[in-house]
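Undergrad: Have a peek at start-v9.csv (CSV, C-alpha atoms).
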```csv
chain,number,residue,atom,x,y,z
A,15,MET,CA,-38.8,-56.9,14.5
A,16,LEU,CA,-41.6,-54.6,13.5
A,17,GLY,CA,-44.5,-57.1,13.4
A,18,LEU,CA,-44.3,-57.2,9.6
A,19,ASN,CA,-46.7,-59.1,7.4
A,20,TYR,CA,-44.8,-61.8,5.5
A,21,THR,CA,-46.0,-62.3,1.9
A,22,SER,CA,-45.0,-64.3,-1.1
A,23,THR,CA,-42.4,-61.6,-1.8
A,24,SER,CA,-39.2,-62.7,0.0
A,25,GLU,CA,-36.9,-60.2,-1.7
A,26,PHE,CA,-36.9,-57.2,-3.9
A,27,ILE,CA,-34.6,-56.0,-6.8
A,28,LEU,CA,-33.2,-52.5,-6.4
A,29,VAL,CA,-33.1,-51.2,-10.0
A,30,GLY,CA,-31.1,-48.2,-9.0
A,31,PHE,CA,-28.9,-46.7,-11.7
A,32,SER,CA,-29.0,-49.7,-14.0
A,33,ALA,CA,-30.6,-47.5,-16.7
A,34,PHE,CA,-27.2,-45.7,-16.9
A,35,PRO,CA,-24.8,-48.7,-17.4
A,36,HIS,CA,-22.0,-46.6,-18.9
A,37,LEU,CA,-22.0,-44.1,-16.0
A,38,GLN,CA,-22.0,-46.6,-13.1
A,39,LEU,CA,-18.3,-46.6,-12.4
A,40,MET,CA,-18.1,-42.8,-12.6
A,41,LEU,CA,-21.1,-42.5,-10.3
A,42,PHE,CA,-19.5,-45.0,-7.9
A,43,LEU,CA,-16.3,-43.0,-7.6
A,44,LEU,CA,-18.3,-39.7,-7.3
A,45,PHE,CA,-20.6,-41.0,-4.6
A,46,LEU,CA,-17.8,-42.7,-2.7
A,47,LEU,CA,-15.8,-39.5,-2.5
A,48,MET,CA,-18.9,-37.5,-1.4
A,49,TYR,CA,-19.7,-40.2,1.2
A,50,LEU,CA,-16.2,-40.3,2.6
A,51,PHE,CA,-16.1,-36.5,2.7
A,52,THR,CA,-19.5,-36.5,4.5
A,53,LEU,CA,-18.2,-39.0,7.1
A,54,LEU,CA,-14.9,-37.1,7.6
A,55,GLY,CA,-16.6,-33.7,7.8
A,56,ASN,CA,-19.1,-34.8,10.4
A,57,LEU,CA,-16.5,-36.7,12.4
A,58,LEU,CA,-14.3,-33.6,12.3
A,59,ILE,CA,-17.1,-31.4,13.6
A,60,MET,CA,-17.7,-33.9,16.5
A,61,ALA,CA,-14.0,-34.1,17.4
A,62,THR,CA,-13.7,-30.3,17.3
A,63,VAL,CA,-16.7,-29.8,19.6
A,64,TRP,CA,-15.6,-32.4,22.1
A,65,SER,CA,-12.0,-31.3,22.2
A,66,GLN,CA,-12.6,-27.6,22.7
A,67,ARG,CA,-14.1,-26.6,26.0
A,68,SER,CA,-15.3,-23.3,24.7
A,69,LEU,CA,-17.8,-25.2,22.4
A,70,HIS,CA,-19.4,-27.2,25.2
A,71,THR,CA,-22.6,-25.3,24.9
A,72,PRO,CA,-26.1,-26.5,24.0
A,73,MET,CA,-25.8,-25.2,20.4
A,74,TYR,CA,-22.7,-27.2,19.6
A,75,LEU,CA,-23.9,-30.3,21.5
A,76,PHE,CA,-27.0,-30.2,19.2
A,77,LEU,CA,-24.7,-29.8,16.3
A,78,CYS,CA,-22.8,-33.0,17.4
A,79,ALA,CA,-26.1,-34.9,17.6
A,80,LEU,CA,-27.0,-33.6,14.1
A,81,SER,CA,-23.7,-34.9,12.8
A,82,VAL,CA,-24.4,-38.3,14.4
A,83,SER,CA,-27.8,-38.5,12.8
A,84,GLU,CA,-26.4,-37.5,9.4
A,85,ILE,CA,-23.7,-40.2,9.6
A,86,LEU,CA,-26.2,-42.9,10.6
A,87,TYR,CA,-28.6,-41.7,7.9
A,88,THR,CA,-26.0,-42.0,5.1
A,89,VAL,CA,-24.7,-45.4,6.5
A,90,ALA,CA,-28.3,-46.7,6.2
A,91,ILE,CA,-28.4,-45.9,2.5
A,92,ILE,CA,-25.1,-45.1,0.7
A,93,PRO,CA,-22.9,-48.3,1.4
A,94,ARG,CA,-25.7,-50.5,-0.1
A,95,MET,CA,-26.0,-48.1,-3.1
A,96,LEU,CA,-22.2,-48.2,-3.7
A,97,ALA,CA,-22.2,-52.0,-3.6
A,98,ASP,CA,-25.1,-52.2,-6.1
A,99,LEU,CA,-23.3,-49.9,-8.5
A,100,LEU,CA,-20.5,-52.5,-8.8
A,101,SER,CA,-22.7,-55.5,-8.7
A,102,ALA,CA,-25.0,-57.2,-11.2
A,103,GLN,CA,-26.9,-58.9,-8.3
A,104,ARG,CA,-29.1,-56.1,-6.7
A,105,SER,CA,-31.5,-58.2,-4.7
A,106,ILE,CA,-32.4,-57.2,-1.1
A,107,ALA,CA,-34.2,-59.4,1.4
A,108,PHE,CA,-37.7,-58.4,2.6
A,109,LEU,CA,-36.5,-57.8,6.2
A,110,ALA,CA,-33.3,-56.0,5.0
A,111,CYS,CA,-35.5,-53.7,2.9
A,112,ALA,CA,-37.8,-53.0,5.9
A,113,SER,CA,-34.8,-52.3,8.1
A,114,GLN,CA,-33.3,-49.9,5.6
A,115,MET,CA,-36.6,-48.0,5.4
A,116,PHE,CA,-36.9,-47.9,9.2
A,117,PHE,CA,-33.4,-46.6,9.8
A,118,SER,CA,-33.4,-44.1,6.9
A,119,PHE,CA,-36.7,-42.6,8.0
A,120,SER,CA,-35.8,-42.6,11.7
A,121,PHE,CA,-32.5,-40.8,11.2
A,122,GLY,CA,-33.9,-38.5,8.5
A,123,PHE,CA,-36.7,-37.3,10.8
A,124,THR,CA,-34.3,-37.1,13.8
A,125,HIS,CA,-32.3,-34.7,11.6
A,126,SER,CA,-35.4,-32.5,11.0
A,127,PHE,CA,-36.3,-32.5,14.7
A,128,LEU,CA,-32.8,-31.6,15.7
A,129,LEU,CA,-32.8,-28.7,13.2
A,130,THR,CA,-36.0,-27.5,14.9
A,131,VAL,CA,-34.4,-27.7,18.3
A,132,MET,CA,-31.4,-25.8,17.1
A,133,GLY,CA,-33.8,-23.1,15.8
A,134,TYR,CA,-35.4,-22.9,19.3
A,135,ASP,CA,-31.9,-22.7,20.9
A,136,ARG,CA,-31.0,-19.7,18.7
A,137,TYR,CA,-34.4,-18.1,19.6
A,138,VAL,CA,-33.7,-18.4,23.3
A,139,ALA,CA,-30.1,-17.2,22.9
A,140,ILE,CA,-31.1,-14.0,21.1
A,141,CYS,CA,-34.6,-13.2,22.3
A,142,ARG,CA,-34.4,-14.5,25.9
A,143,PRO,CA,-30.6,-14.2,26.7
A,144,LEU,CA,-31.2,-13.7,30.5
A,145,ARG,CA,-33.2,-17.0,30.7
A,146,TYR,CA,-30.9,-19.0,28.4
A,147,ASN,CA,-29.1,-20.9,31.2
A,148,VAL,CA,-32.4,-21.9,32.7
A,149,LEU,CA,-34.3,-22.8,29.5
A,150,MET,CA,-31.3,-24.5,27.9
A,151,SER,CA,-29.8,-26.2,31.0
A,152,PRO,CA,-28.0,-29.5,30.6
A,153,ARG,CA,-31.1,-31.3,31.6
A,154,GLY,CA,-33.3,-29.3,29.3
A,155,GLY,CA,-30.9,-29.8,26.4
A,156,ALA,CA,-30.7,-33.5,27.0
A,157,CYS,CA,-34.5,-33.7,27.1
A,158,LEU,CA,-34.9,-31.9,23.8
A,159,MET,CA,-32.2,-34.1,22.2
A,160,GLY,CA,-33.8,-37.3,23.6
A,161,CYS,CA,-37.2,-36.2,22.3
A,162,SER,CA,-35.7,-35.6,18.8
A,163,TRP,CA,-34.3,-39.1,18.7
A,164,ALA,CA,-37.4,-40.7,20.1
A,165,GLY,CA,-39.6,-38.8,17.6
A,166,GLY,CA,-37.5,-39.9,14.7
A,167,SER,CA,-37.7,-43.5,15.8
A,168,VAL,CA,-41.5,-43.3,16.2
A,169,MET,CA,-41.8,-41.8,12.7
A,170,GLY,CA,-39.6,-44.6,11.3
A,171,LEU,CA,-41.6,-47.3,13.0
A,172,VAL,CA,-45.0,-45.9,11.9
A,173,VAL,CA,-44.0,-45.5,8.3
A,174,THR,CA,-42.2,-48.9,8.0
A,175,THR,CA,-45.0,-50.8,9.8
A,176,ALA,CA,-47.7,-49.2,7.6
A,177,ILE,CA,-45.8,-50.0,4.3
A,178,PHE,CA,-44.7,-53.5,5.1
A,179,HIS,CA,-48.1,-54.6,6.3
A,180,LEU,CA,-49.3,-54.2,2.7
A,181,THR,CA,-49.4,-57.2,0.3
A,182,PHE,CA,-46.8,-57.1,-2.4
A,183,CYS,CA,-48.1,-59.1,-5.3
A,184,GLY,CA,-46.7,-57.3,-8.4
A,185,PRO,CA,-43.2,-57.4,-9.9
A,186,SER,CA,-40.4,-57.2,-7.2
A,187,GLU,CA,-38.4,-54.5,-8.9
A,188,ILE,CA,-38.0,-51.3,-6.9
A,189,HIS,CA,-37.2,-48.4,-9.2
A,190,HIS,CA,-34.9,-46.7,-6.8
A,191,PHE,CA,-31.5,-47.2,-5.2
A,192,PHE,CA,-32.9,-47.8,-1.7
A,193,CYS,CA,-36.2,-49.0,-0.1
A,194,HIS,CA,-38.2,-45.8,-0.4
A,195,VAL,CA,-42.0,-45.4,0.1
A,196,PRO,CA,-43.2,-44.3,-3.4
A,197,PRO,CA,-41.6,-47.1,-5.4
A,198,LEU,CA,-42.7,-49.7,-2.9
A,199,LEU,CA,-46.3,-48.5,-3.0
A,200,LYS,CA,-46.3,-49.2,-6.7
A,201,LEU,CA,-45.5,-52.9,-6.0
A,202,ALA,CA,-48.3,-53.3,-3.4
A,203,CYS,CA,-51.9,-54.4,-4.1
A,204,GLY,CA,-55.1,-54.5,-2.2
A,205,ASP,CA,-57.9,-52.2,-1.2
A,206,ASP,CA,-55.9,-50.5,1.6
A,207,VAL,CA,-53.0,-49.3,-0.6
A,208,LEU,CA,-54.5,-45.9,-1.3
A,209,VAL,CA,-55.4,-45.4,2.4
A,210,VAL,CA,-51.9,-46.3,3.5
A,211,ALA,CA,-50.4,-44.1,0.8
A,212,LYS,CA,-52.5,-41.1,1.9
A,213,GLY,CA,-51.9,-41.8,5.6
A,214,VAL,CA,-48.1,-42.1,5.3
A,215,GLY,CA,-47.9,-39.0,3.0
A,216,SER,CA,-50.0,-37.0,5.4
A,217,VAL,CA,-47.9,-38.0,8.4
A,218,CYS,CA,-44.6,-37.2,6.7
A,219,ILE,CA,-45.7,-33.9,5.3
A,220,THR,CA,-47.3,-32.9,8.6
A,221,ALA,CA,-44.1,-33.6,10.5
A,222,LEU,CA,-41.9,-31.8,8.0
A,223,LEU,CA,-44.2,-28.8,7.7
A,224,GLY,CA,-44.6,-28.7,11.4
A,225,CYS,CA,-40.9,-28.6,12.0
A,226,PHE,CA,-40.4,-26.0,9.2
A,227,LEU,CA,-43.1,-23.7,10.6
A,228,LEU,CA,-41.6,-23.9,14.1
A,229,ILE,CA,-38.2,-22.9,12.6
A,230,LEU,CA,-39.9,-20.0,10.7
A,231,LEU,CA,-41.6,-18.9,13.8
A,232,SER,CA,-38.3,-18.9,15.7
A,233,TYR,CA,-36.6,-16.9,13.0
A,234,ALA,CA,-39.4,-14.4,12.8
A,235,PHE,CA,-38.8,-13.6,16.5
A,236,ILE,CA,-35.1,-13.6,16.0
A,237,VAL,CA,-35.2,-11.2,13.1
A,238,ALA,CA,-37.5,-8.9,15.1
A,239,ALA,CA,-35.0,-9.0,18.0
A,240,ILE,CA,-32.0,-8.4,15.8
A,241,LEU,CA,-33.6,-5.4,14.1
A,242,LYS,CA,-33.9,-3.8,17.5
A,243,ILE,CA,-30.2,-3.9,18.1
A,244,PRO,CA,-28.9,-0.3,17.6
A,245,SER,CA,-25.4,-1.0,16.3
A,246,ALA,CA,-24.7,-2.6,12.9
A,247,GLU,CA,-21.8,-4.6,14.5
A,248,GLY,CA,-24.2,-6.1,17.1
A,249,ARG,CA,-26.7,-7.0,14.4
A,250,ASN,CA,-24.1,-8.7,12.3
A,251,LYS,CA,-22.7,-10.6,15.3
A,252,ALA,CA,-26.2,-11.8,16.3
A,253,PHE,CA,-27.1,-12.9,12.8
A,254,SER,CA,-23.7,-14.7,12.3
A,255,THR,CA,-24.6,-17.1,15.0
A,256,CYS,CA,-27.7,-18.2,13.0
A,257,ALA,CA,-26.3,-18.1,9.5
A,258,SER,CA,-25.0,-21.7,9.2
A,259,HIS,CA,-28.1,-23.2,10.8
A,260,LEU,CA,-30.4,-21.1,8.5
A,261,THR,CA,-28.4,-22.1,5.4
A,262,VAL,CA,-28.7,-25.8,6.3
A,263,VAL,CA,-32.4,-25.5,7.0
A,264,VAL,CA,-32.9,-23.9,3.5
A,265,VAL,CA,-31.0,-26.7,1.8
A,266,HIS,CA,-32.6,-29.5,3.8
A,267,TYR,CA,-36.2,-28.3,3.4
A,268,GLY,CA,-35.6,-27.1,-0.1
A,269,PHE,CA,-34.7,-30.6,-1.3
A,270,ALA,CA,-37.4,-32.2,0.9
A,271,SER,CA,-40.1,-30.0,-0.6
A,272,VAL,CA,-39.1,-31.1,-4.1
A,273,ILE,CA,-39.6,-34.7,-3.1
A,274,TYR,CA,-42.7,-34.5,-0.9
A,275,LEU,CA,-44.6,-31.6,-2.4
A,276,LYS,CA,-43.9,-32.1,-6.1
A,277,PRO,CA,-47.1,-32.3,-8.2
A,278,LYS,CA,-48.3,-35.7,-9.1
A,279,GLY,CA,-48.3,-36.7,-12.8
A,280,PRO,CA,-46.5,-38.8,-15.3
A,281,GLN,CA,-42.8,-38.8,-14.7
A,282,SER,CA,-39.6,-40.7,-15.5
A,283,LEU,CA,-38.6,-43.4,-13.1
A,284,GLU,CA,-35.0,-42.6,-13.8
A,285,GLY,CA,-35.8,-39.0,-12.9
A,286,ASP,CA,-37.1,-40.0,-9.5
A,287,THR,CA,-34.0,-42.0,-8.9
A,288,LEU,CA,-31.7,-39.1,-9.8
A,289,MET,CA,-33.9,-36.8,-7.7
A,290,GLY,CA,-33.2,-39.1,-4.7
A,291,ILE,CA,-29.5,-38.2,-4.8
A,292,THR,CA,-30.3,-34.6,-3.6
A,293,TYR,CA,-31.5,-35.7,-0.2
A,294,THR,CA,-29.5,-38.9,0.3
A,295,VAL,CA,-26.1,-37.8,-1.0
A,296,LEU,CA,-26.0,-34.1,-1.7
A,297,THR,CA,-27.6,-32.6,1.4
A,298,PRO,CA,-25.5,-34.7,3.9
A,299,PHE,CA,-22.4,-33.7,1.8
A,300,LEU,CA,-23.2,-30.0,2.0
A,301,SER,CA,-24.1,-29.8,5.7
A,302,PRO,CA,-20.7,-30.2,7.3
A,303,ILE,CA,-19.2,-27.8,4.6
A,304,ILE,CA,-21.8,-25.1,5.5
A,305,PHE,CA,-21.3,-25.5,9.3
A,306,SER,CA,-17.5,-25.4,8.9
A,307,LEU,CA,-17.3,-22.4,6.7
A,308,ARG,CA,-20.2,-20.2,8.0
A,309,ASN,CA,-19.8,-20.7,11.7
A,310,LYS,CA,-17.0,-18.5,12.9
A,311,GLU,CA,-16.5,-20.1,16.3
A,312,LEU,CA,-16.3,-23.6,14.8
A,313,LYS,CA,-13.9,-22.5,12.1
A,314,VAL,CA,-11.6,-20.9,14.7
A,315,ALA,CA,-11.8,-24.0,16.9
A,316,MET,CA,-10.9,-26.3,13.9
A,317,VAL,CA,-7.8,-24.2,13.1
A,318,ALA,CA,-6.8,-24.4,16.8
A,319,MET,CA,-7.3,-28.2,16.9
A,320,LYS,CA,-5.3,-28.6,13.6
A,321,LYS,CA,-2.4,-26.6,15.1
A,322,THR,CA,-2.5,-28.8,18.2
A,323,PHE,CA,-2.6,-31.9,16.2
A,324,PHE,CA,0.4,-31.0,14.0
A,325,ALA,CA,2.3,-29.7,17.1
A,326,THR,CA,1.8,-33.2,18.6
A,327,LEU,CA,2.9,-35.0,15.5
A,328,PHE,CA,5.9,-32.7,14.8
A,329,PRO,CA,7.1,-31.2,18.1
A,330,GLN,CA,10.5,-30.4,16.8
A,331,ASN,CA,9.0,-27.8,14.3
A,332,CYS,CA,7.2,-25.9,17.0
```
In structure tokens, how does this file's structure come out?

TA:
Amino acid sequence: MLGLNYTSTSEFILVGFSAFPHLQLMLFLLFLLMYLFTLLGNLLIMATVWSQRSLHTPMYLFLCALSVSEILYTVAIIPRMLADLLSAQRSIAFLACASQMFFSFSFGFTHSFLLTVMGYDRYVAICRPLRYNVLMSPRGGACLMGCSWAGGSVMGLVVTTAIFHLTFCGPSEIHHFFCHVPPLLKLACGDDVLVVAKGVGSVCITALLGCFLLILLSYAFIVAAILKIPSAEGRNKAFSTCASHLTVVVVHYGFASVIYLKPKGPQSLEGDTLMGITYTVLTPFLSPIIFSLRNKELKVAMVAMKKTFFATLFPQNC
């Protein structure tokens, strides 16, 4: 599929949480509940946006795309992790491992690109309101959304191809609960491992920092524009449209920085595994909560949809 280099390694062993045998059942139940909540929360956001005509705007369509990327990202990682928590057999085929890495990186970076696009949307809405319908037309919005998905796929393809063209000649145990780059690099051998590691790291950090800096730039202009609004009510209203997006950006890049920008040095393999929970389980879990609670329009629309739903189920009580 990706032009991979087949080696003597035909499968890997995902060590996962095997270092915590007495906690595996509790972790399974906890992660299962968080996963189901993540799916339901994002599906609820998508259903609300599509059912309420008042939300058929670029901002909420981008939010729908963000929910889709989040669902697909968690589907690429969490079901396998849950299965391994209940199984003694944790092997994963070479191609399955490559596929998991490709999809997790693709949807993960798509999520970052969509957050950047949403920051640009808020910039245009607040700083260039008279040109909003032109700059964020249906065609323009579709183009930005398509570029985000295409960019995520390219990132996934580049990272996966680079990693799986290496030769794996060491032990086949991956000290993580999914096929992630750092633990796989520890299993590779050859003269090009260091070059690939630096290249992949540079590409990922550059992409993440680039997105983050663009979001910061958007919000620098937004804050400057909000401060020029004379009334406190106007300033609060303008900022409220950005609060949920800004909160998700802080959570997303806060956890990402811990992973990609942490100082190198001796560290616990179990600690790396536990750290992985923050960006694979916790961040997707928090995202729909933040958007549901901190976005006033979405909250009102959800209440209206709930009333309509119950009125349809129990018409005699209306």

Undergrad: Calculate how many Å separate atom CA of A:Thr52 from atom CA of A:Asp286, rounding to one decimal.

TA: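 Computed distance, atom CA of A:Thr52 to atom CA of A:Asp286, equals 22.8 Å.
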
Undergrad: Using all atoms listed in the file, which protein or nucleic acid residues come within 9 Å of A:Cys183? Drop anything in the same chain fewer than 2 positions from it, and give the result as a PDB file with C-alpha atoms, in the coordinates of the input.

TA:
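New file result_2.pdb:
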```pdb
ATOM      1  CA  THR A  21     -46.000 -62.300   1.900  1.00  0.00           C
ATOM      2  CA  SER A  22     -45.000 -64.300  -1.100  1.00  0.00           C
ATOM      3  CA  THR A  23     -42.400 -61.600  -1.800  1.00  0.00           C
ATOM      4  CA  THR A 181     -49.400 -57.200   0.300  1.00  0.00           C
ATOM      5  CA  PRO A 185     -43.200 -57.400  -9.900  1.00  0.00           C
ATOM      6  CA  SER A 186     -40.400 -57.200  -7.200  1.00  0.00           C
ATOM      7  CA  LEU A 201     -45.500 -52.900  -6.000  1.00  0.00           C
ATOM      8  CA  ALA A 202     -48.300 -53.300  -3.400  1.00  0.00           C
ATOM      9  CA  CYS A 203     -51.900 -54.400  -4.100  1.00  0.00           C
ATOM     10  CA  GLY A 204     -55.100 -54.500  -2.200  1.00  0.00           C
TER      11      GLY A 204
END
```

Undergrad: Mind pulling up the distance from atom CA of A:Ser162 to atom CA of A:Leu128?

TA: 5.8 Å

Undergrad: What's the 12 Å shell around A:Ile236, counting all atoms listed in the file, without same-chain residues fewer than 2 positions away, as a PyMOL selection string?

TA: chain A and resi 133-143+229-234+238-243+249+252-253+255-257+260

Undergrad: Dump as a Markdown table the rows for residues of stretch 144-251 of chain A within 9 Å of stretch 79-95 of chain A: closest atom pair and distance in Å with one decimal, all atoms listed in the file counted, ordered by chain and rising residue number.

TA:
```
| residue | atom | partner | partner_atom | distance |
| --- | --- | --- | --- | --- |
| A:Met159 | CA | A:Ala79 | CA | 7.7 |
| A:Trp163 | CA | A:Ser83 | CA | 8.8 |
| A:Phe191 | CA | A:Met95 | CA | 6.0 |
| A:Phe192 | CA | A:Ile91 | CA | 6.4 |
| A:Cys193 | CA | A:Ile91 | CA | 8.8 |
```

Undergrad: Dump C-alpha atoms for the selected residues as a PDB file, in the frame of the given file?

TA:
```pdb
ATOM      1  CA  MET A 159     -32.200 -34.100  22.200  1.00  0.00           C
ATOM      2  CA  TRP A 163     -34.300 -39.100  18.700  1.00  0.00           C
ATOM      3  CA  PHE A 191     -31.500 -47.200  -5.200  1.00  0.00           C
ATOM      4  CA  PHE A 192     -32.900 -47.800  -1.700  1.00  0.00           C
ATOM      5  CA  CYS A 193     -36.200 -49.000  -0.100  1.00  0.00           C
TER       6      CYS A 193
END
```

Undergrad: Please identify all polymer residues within 10 Å of stretch 292-305 of chain A, counting all atoms listed in the file, omitting same-chain residues fewer than 5 positions from it, and present them as a ChimeraX atom specification.

TA: /A:45-59,77,80-81,83-85,87-88,90-92,118,122,192,257-263,265-270,272-273,287,310,312-313

Undergrad: Quick one, how far is atom CA of A:Met40 from atom CA of A:Leu28?

TA: 19.0 Å

Undergrad: Would you list the contacts of stretch 107-113 of chain A as an MDAnalysis selection string, taking every protein, DNA or RNA residue within 9 Å and counting only C-alpha atoms, but skipping same-chain residues closer than 3 positions in sequence?

TA: chainID A and resid 15:16 18 20 23:27 90 116:118 174:175 177:178 192:194

Undergrad: Go through A:Leu180, A:Leu37, A:Cys225, A:Leu75 one by one, measure the shortest atom-to-atom distance of each to A:Val209 using only C-alpha atoms, and give the residue with the smallest value.

TA: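 For A:Val209, the nearest of the candidates is A:Leu180.
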